[in-house]
Structures are given as structure tokens and as C-alpha cells.
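With TSV, C-alpha atoms inside, this is run_8.tsv:
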```tsv
chain	number	residue	atom	x	y	z
V	1	MET	CA	-7.20	7.25	-7.70
V	2	SER	CA	-5.84	10.36	-6.00
V	3	ASP	CA	-7.37	9.53	-2.60
V	4	ILE	CA	-6.64	5.88	-1.90
V	5	LYS	CA	-6.59	4.98	1.75
V	6	LEU	CA	-6.82	1.70	3.60
V	7	GLY	CA	-7.84	1.19	7.18
V	8	VAL	CA	-5.85	-1.18	9.36
V	9	VAL	CA	-8.07	-4.17	8.58
V	10	GLU	CA	-8.17	-3.37	4.85
V	11	ALA	CA	-4.38	-3.05	4.85
V	12	SER	CA	-4.04	-6.53	6.41
V	13	PHE	CA	-6.40	-7.89	3.76
V	14	ALA	CA	-4.52	-6.15	0.95
V	15	ALA	CA	-1.21	-7.54	2.25
V	16	ILE	CA	-2.62	-11.07	1.99
V	17	ILE	CA	-3.46	-10.50	-1.66
V	18	TRP	CA	-0.15	-8.80	-2.51
V	19	GLU	CA	1.81	-11.62	-0.84
V	20	ASN	CA	-0.10	-14.42	-2.61
V	21	GLU	CA	-1.32	-13.10	-5.95
V	22	PRO	CA	-2.55	-14.35	-8.25
V	23	LEU	CA	-4.90	-16.41	-6.13
V	24	THR	CA	-8.39	-17.75	-6.51
V	25	THR	CA	-11.25	-16.35	-4.49
V	26	LYS	CA	-11.46	-19.74	-2.78
V	27	GLU	CA	-7.79	-19.49	-1.74
V	28	LEU	CA	-8.36	-15.92	-0.55
V	29	VAL	CA	-11.35	-16.98	1.56
V	30	ALA	CA	-9.25	-19.74	3.15
V	31	LEU	CA	-6.35	-17.36	3.89
V	32	CYS	CA	-8.66	-14.74	5.38
V	33	GLU	CA	-10.36	-17.36	7.53
V	34	GLN	CA	-6.96	-18.52	8.78
V	35	LYS	CA	-5.23	-15.14	9.23
V	36	LEU	CA	-8.11	-12.77	9.98
V	37	GLN	CA	-10.76	-15.19	11.32
V	38	TRP	CA	-13.19	-13.90	8.67
V	39	LYS	CA	-16.21	-15.60	7.23
V	40	ARG	CA	-16.52	-15.98	3.45
V	41	THR	CA	-19.06	-13.16	3.22
V	42	THR	CA	-16.71	-10.70	4.96
V	43	THR	CA	-13.91	-11.58	2.56
V	44	TYR	CA	-16.14	-11.02	-0.48
V	45	THR	CA	-17.51	-7.74	0.92
V	46	VAL	CA	-14.05	-6.27	1.51
V	47	LEU	CA	-12.76	-7.61	-1.82
V	48	LYS	CA	-15.62	-5.93	-3.68
V	49	LYS	CA	-14.96	-2.67	-1.85
V	50	LEU	CA	-11.27	-2.68	-2.80
V	51	CYS	CA	-12.04	-3.75	-6.36
V	52	ASP	CA	-14.45	-0.81	-6.62
V	53	ARG	CA	-11.61	1.48	-5.49
V	54	GLY	CA	-9.40	0.18	-8.30
V	55	ILE	CA	-6.83	-1.58	-6.13
V	56	PHE	CA	-7.70	-5.18	-7.02
V	57	THR	CA	-9.66	-7.04	-9.67
V	58	THR	CA	-11.22	-10.46	-10.06
V	59	ASN	CA	-11.42	-12.24	-13.37
V	60	ASP	CA	-12.77	-15.79	-13.61
V	61	ARG	CA	-12.51	-16.06	-9.79
V	62	VAL	CA	-8.81	-15.10	-9.82
V	63	VAL	CA	-7.77	-12.10	-7.73
V	64	THR	CA	-4.92	-9.86	-8.85
V	65	SER	CA	-3.83	-6.33	-8.08
V	66	LEU	CA	-4.38	-3.39	-10.36
V	67	LEU	CA	-2.13	-1.37	-8.07
V	68	SER	CA	1.09	-2.93	-6.79
V	69	GLU	CA	2.01	-2.63	-3.14
V	70	ASP	CA	4.91	-0.32	-4.05
V	71	ALA	CA	2.63	1.90	-6.15
V	72	PHE	CA	0.10	2.01	-3.31
V	73	HIS	CA	2.75	3.13	-0.82
V	74	ALA	CA	4.06	5.73	-3.27
V	75	ILE	CA	0.56	7.21	-3.61
V	76	GLN	CA	0.12	7.14	0.18
V	77	SER	CA	3.42	8.94	0.66
V	78	GLU	CA	2.57	11.61	-1.90
V	79	GLN	CA	-0.84	12.15	-0.28
V	80	PHE	CA	0.70	12.43	3.18
V	81	VAL	CA	3.24	15.05	2.10
V	82	GLN	CA	0.57	16.95	0.16
V	83	GLU	CA	-1.95	16.95	3.01
V	84	ASN	CA	0.44	17.65	5.87
V	85	PHE	CA	3.27	19.67	4.34
V	86	HIS	CA	1.56	21.48	1.44
V	87	GLY	CA	3.40	19.18	-0.96
V	88	SER	CA	6.85	20.24	0.29
V	89	LEU	CA	9.27	17.33	0.52
V	90	PRO	CA	11.93	19.53	2.24
V	91	ALA	CA	9.36	20.51	4.90
V	92	PHE	CA	8.56	16.83	5.47
V	93	ILE	CA	12.25	15.90	5.76
V	94	THR	CA	12.84	18.77	8.18
V	95	ALA	CA	9.97	17.64	10.37
V	96	PHE	CA	10.98	13.98	10.18
V	97	THR	CA	14.62	14.60	11.10
V	98	ALA	CA	13.75	16.98	13.96
V	99	ARG	CA	13.27	13.94	16.21
V	100	LYS	CA	15.15	11.20	14.39
V	101	VAL	CA	18.58	11.94	13.04
V	102	PRO	CA	19.33	9.70	10.06
V	103	SER	CA	22.15	7.20	10.48
V	104	ALA	CA	25.25	7.37	8.27
V	105	GLU	CA	23.87	4.44	6.26
V	106	GLU	CA	20.53	6.16	5.75
V	107	LEU	CA	22.24	9.38	4.67
V	108	ALA	CA	24.37	7.43	2.18
V	109	GLU	CA	21.23	5.79	0.76
V	110	ILE	CA	19.48	9.15	0.49
V	111	LYS	CA	22.51	10.72	-1.23
V	112	LYS	CA	22.68	7.82	-3.69
V	113	LEU	CA	18.97	8.23	-4.42
V	114	MET	CA	19.34	12.00	-4.91
V	115	ASP	CA	22.29	11.45	-7.24
V	116	THR	CA	20.09	9.31	-9.51
V	117	PHE	CA	17.69	12.27	-9.87
V	118	GLU	CA	20.36	14.82	-10.75
V	119	GLY	CA	20.13	15.64	-14.40
V	120	SER	CA	17.08	13.48	-14.98
V	121	SER	CA	13.87	15.01	-16.27
V	122	VAL	CA	11.43	13.48	-13.80
```
Please rewrite the model in this file as C-alpha cells.
Amino acid sequence: MSDIKLGVVEASFAAIIWENEPLTTKELVALCEQKLQWKRTTTYTVLKKLCDRGIFTTNDRVVTSLLSEDAFHAIQSEQFVQENFHGSLPAFITAFTARKVPSAEELAEIKKLMDTFEGSSV
């Protein structure tokens, strides 16, 4: 599960599941028809693909996630930093803040987050 990526369309599909789970495959087909203008076969094809990747599962026609949306984004963030900054979080932060200076509120949130890590054995 170290290389989990979603294209734009797959991400829209995944968001539908994360927002509505657990849901039946019939409910998923209806939502995808309404929100993505997909046919039933397209929904089942993409669902199978994402189930094969270990993101979702179906059991007795009920779709649930094996990987929460938060866990997915955490993995994506780790992969991005690893691939683009050789795994260096300080290098990422330096690059990110070169064009966008954090607001006072954002800095306070970051400091609070960092304080929770001090002394912990993560």
C-alpha cells in the first residue's frame, strides 16, 4: 500500500464512498449516476479497481472503506514529501513557505501540533 494514488475521477468516486459509507452497491450506482453521470458498469469497474488496490471492500453488496479518507491523505502526503523532497519535511516546509507565508493562526496551529510531538516517541 506504499504507492496509492487516485486520478481526479477516482478521487471523486472515492469521495462519494467516504461521504456515504456504508452504502449498498445499488446506492453507490445511483449516486454515481447522479453525481458523475456514470452507467452501472462504469461504477462497478472503478469500484473493483479500488477494491483491488485495498482502498475499499464490498461484503454482501455493502461498500465500506479499508482505508479512511484521513489515512489516504496521510499516505499521499508522505509519498509526496518522499518523492519530491527526499523525505525531508523541513525541505518541504521551506519550499512551501517560499511563496506563501503562513498566517499567525496557521503558525499557532503548527506550533501547537509540534508541541504535541515533543517528548513523544513517534
Counting all atoms listed in the file, which of V:Glu10, V:Asn20, V:Ala98, V:Ser68 gets nearest to Thr45 (chain V)?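 When distances to Thr45 (chain V) are compared using all atoms listed in the file, the smallest one comes from V:Glu10.
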So how many Å separate CA of Phe56 (chain V) and CA of Val81 (chain V), to one decimal? 24.7 Å
For region 32-37 of chain V, list every protein, DNA or RNA residue within 10 Å, evaluated using only C-alpha atoms, and leave out those in the same chain fewer than 4 positions away; present the list as a count of residues only. 10
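Coordinates place CA of Thr57 (chain V) at a distance of 25.5 Å from CA of Phe80 (chain V).
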Separation of CA of Gln82 (chain V) from CA of Ala95 (chain V) in Å: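 Rounded to one decimal, the two atoms are 13.9 Å apart.
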Let me make sure I understand: among V:Val62, V:Ile4, V:Val46, V:Cys51, which one has the smallest atom-to-atom distance to Ala74 (chain V) if we use all atoms listed in the file? V:Ile4
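Shell of Asn59 (chain V) at 12 Å, with all atoms listed in the file counted and residues fewer than 6 places along the chain excluded, is V:Pro22, V:Leu23, V:Thr24, V:Thr25, V:Cys51, V:Ser65, V:Leu66.
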Assuming the input is short of atoms at region 71-82 of chain V, produce N, CA, C and O atoms for that part as a compact mmCIF listing (two decimals), in the frame of the given file.
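File written: selection_20.txt
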```txt
# COMPACT_ATOMS: atom_id res chain seq x y z
N ALA V 71 3.37 0.76 -5.60
CA ALA V 71 2.63 1.90 -6.15
C ALA V 71 1.66 2.45 -5.11
O ALA V 71 1.50 3.67 -4.98
N PHE V 72 1.01 1.57 -4.37
CA PHE V 72 0.10 2.01 -3.31
C PHE V 72 0.83 2.86 -2.29
O PHE V 72 0.38 3.93 -1.90
N HIS V 73 1.99 2.38 -1.83
CA HIS V 73 2.75 3.13 -0.82
C HIS V 73 3.27 4.45 -1.38
O HIS V 73 3.33 5.45 -0.65
N ALA V 74 3.62 4.48 -2.65
CA ALA V 74 4.06 5.73 -3.27
C ALA V 74 2.92 6.75 -3.27
O ALA V 74 3.12 7.93 -2.93
N ILE V 75 1.72 6.31 -3.62
CA ILE V 75 0.56 7.21 -3.61
C ILE V 75 0.27 7.69 -2.20
O ILE V 75 0.02 8.87 -1.97
N GLN V 76 0.35 6.77 -1.22
CA GLN V 76 0.12 7.14 0.18
C GLN V 76 1.12 8.19 0.65
O GLN V 76 0.77 9.14 1.33
N SER V 77 2.37 8.00 0.27
CA SER V 77 3.42 8.94 0.66
C SER V 77 3.19 10.32 0.05
O SER V 77 3.31 11.34 0.73
N GLU V 78 2.85 10.33 -1.23
CA GLU V 78 2.57 11.61 -1.90
C GLU V 78 1.39 12.32 -1.24
O GLU V 78 1.44 13.53 -1.01
N GLN V 79 0.33 11.57 -0.93
CA GLN V 79 -0.84 12.15 -0.28
C GLN V 79 -0.49 12.71 1.09
O GLN V 79 -0.94 13.80 1.45
N PHE V 80 0.32 11.98 1.85
CA PHE V 80 0.70 12.43 3.18
C PHE V 80 1.47 13.75 3.12
O PHE V 80 1.18 14.69 3.87
N VAL V 81 2.45 13.82 2.23
CA VAL V 81 3.24 15.05 2.10
C VAL V 81 2.36 16.19 1.61
O VAL V 81 2.45 17.32 2.11
N GLN V 82 1.47 15.91 0.68
CA GLN V 82 0.57 16.95 0.16
C GLN V 82 -0.36 17.46 1.26
O GLN V 82 -0.50 18.67 1.44
```
